[in-house]
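J.: Got a structure here, written out as structure tokens. Questions coming.
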Amino acid sequence: MTPLPPPSPRRGIDVLGIVAVCLASLVVLPTLAVILIGLIPEMNGIWWLGIVLLPLLVLDGALVVVIAVIGVVVGVRRRGPRAMSIVAVVVGILMLLPPFLLWVGSAI
């Protein structure tokens with residue numbers, strides 16, 4: 001009877017990246033809906049929701065970037081998957097970009 005070869009090591013999943021992408025989707029999807037609905041001429045009154053969603057976009061974007069960067073660091077140290085964390089960092093930065101542009105544009 002020949003011995004079985006040792007099982008191959010399993011690679012973990014990028015939990016922090018998945019959590020960060022889920023958190024990002026909680027604010028990005030309603031924001032996109034408001035923007036798309038606001039483009040309809042009869043629905044211009046919906047832009048007031050941007051006043052509510054803009055601070056949420058900043059808070060959630062900062063939280064997503066922090067969690068995703070931690071996920072990238074953990075993935076690099078464990079030599080595990082980190083693709084979702086990298087995607088979450090990009091999405092978090094894109095979430096912070098519109099409020100930053102509004103802030104910089106009003107300062108000029």
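Labels used: A, B, ... for chains in the order of the structure tokens, numbers from 1 for residues in each chain, and numbers from 1 for ligands as shown.
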Set the distance at 12 Å and use only C-alpha atoms: which residues neighbour Gly12 (chain A) once local chain neighbours fewer than 6 positions away are removed? I'd like the list as a PDB file with N, CA and C atoms, in the first residue's frame.

T.:
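Done, and the output landed in selection-v7.pdb:
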```
ATOM      1  N   VAL A  74      -2.881  42.373   5.053  1.00  0.00           N
ATOM      2  CA  VAL A  74      -3.033  40.999   5.550  1.00  0.00           C
ATOM      3  C   VAL A  74      -2.802  39.998   4.422  1.00  0.00           C
ATOM      4  N   GLY A  75      -3.309  40.288   3.236  1.00  0.00           N
ATOM      5  CA  GLY A  75      -3.106  39.389   2.096  1.00  0.00           C
ATOM      6  C   GLY A  75      -1.651  39.268   1.702  1.00  0.00           C
ATOM      7  N   ARG A  78       0.200  37.191   4.516  1.00  0.00           N
ATOM      8  CA  ARG A  78      -0.145  35.762   4.501  1.00  0.00           C
ATOM      9  C   ARG A  78       0.076  35.111   3.142  1.00  0.00           C
ATOM     10  N   ARG A  79       0.489  35.910   2.171  1.00  0.00           N
ATOM     11  CA  ARG A  79       0.647  35.437   0.791  1.00  0.00           C
ATOM     12  C   ARG A  79      -0.638  34.815   0.279  1.00  0.00           C
ATOM     13  N   GLY A  80      -1.735  35.460   0.615  1.00  0.00           N
ATOM     14  CA  GLY A  80      -3.050  34.989   0.206  1.00  0.00           C
ATOM     15  C   GLY A  80      -3.640  35.869  -0.875  1.00  0.00           C
ATOM     16  N   PRO A  81      -4.870  35.603  -1.229  1.00  0.00           N
ATOM     17  CA  PRO A  81      -5.517  36.422  -2.265  1.00  0.00           C
ATOM     18  C   PRO A  81      -5.793  37.823  -1.750  1.00  0.00           C
ATOM     19  N   ARG A  82      -5.638  38.794  -2.618  1.00  0.00           N
ATOM     20  CA  ARG A  82      -5.877  40.182  -2.231  1.00  0.00           C
ATOM     21  C   ARG A  82      -6.537  40.975  -3.341  1.00  0.00           C
TER      22      ARG A  82
END
```

J.: Could you pull the residues within 6 Å of region 51-65 of chain A, counting only C-alpha atoms, minus those fewer than 5 positions along the same chain, as number ranges by chain?

T.: A: 20, 89, 92, 95-96

J.: Check chain A with DSSP on the backbone and list each residue it calls helix (DSSP H, G or I), as a PyMOL selection string.

T.: chain A and resi 15-38+41-78+83-107

J.: Taking into account only C-alpha atoms, which residue in the set A:Val73, A:Ile67, A:Val34, A:Val104 is nearest to Gly17 (chain A)?

T.: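 Using only C-alpha atoms, Gly17 (chain A) sits closest to A:Ile67.
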
J.: So, with only C-alpha atoms as the atoms that count, which of A:Ala88, A:Leu94, A:Leu102, A:Leu39 lies closest to Asp14 (chain A)?

T.: A:Ala88

J.: Which of these residues is nearest to Val90 (chain A), using only C-alpha atoms: A:Pro9, A:Ala68, A:Leu23, A:Ile37?

T.: A:Ala68

J.: In Å, rounded to a single decimal, give me how far CA of Ser85 (chain A) is from CA of Val72 (chain A).

T.: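 Between CA of Val72 (chain A) and CA of Ser85 (chain A) the gap is 5.6 Å.
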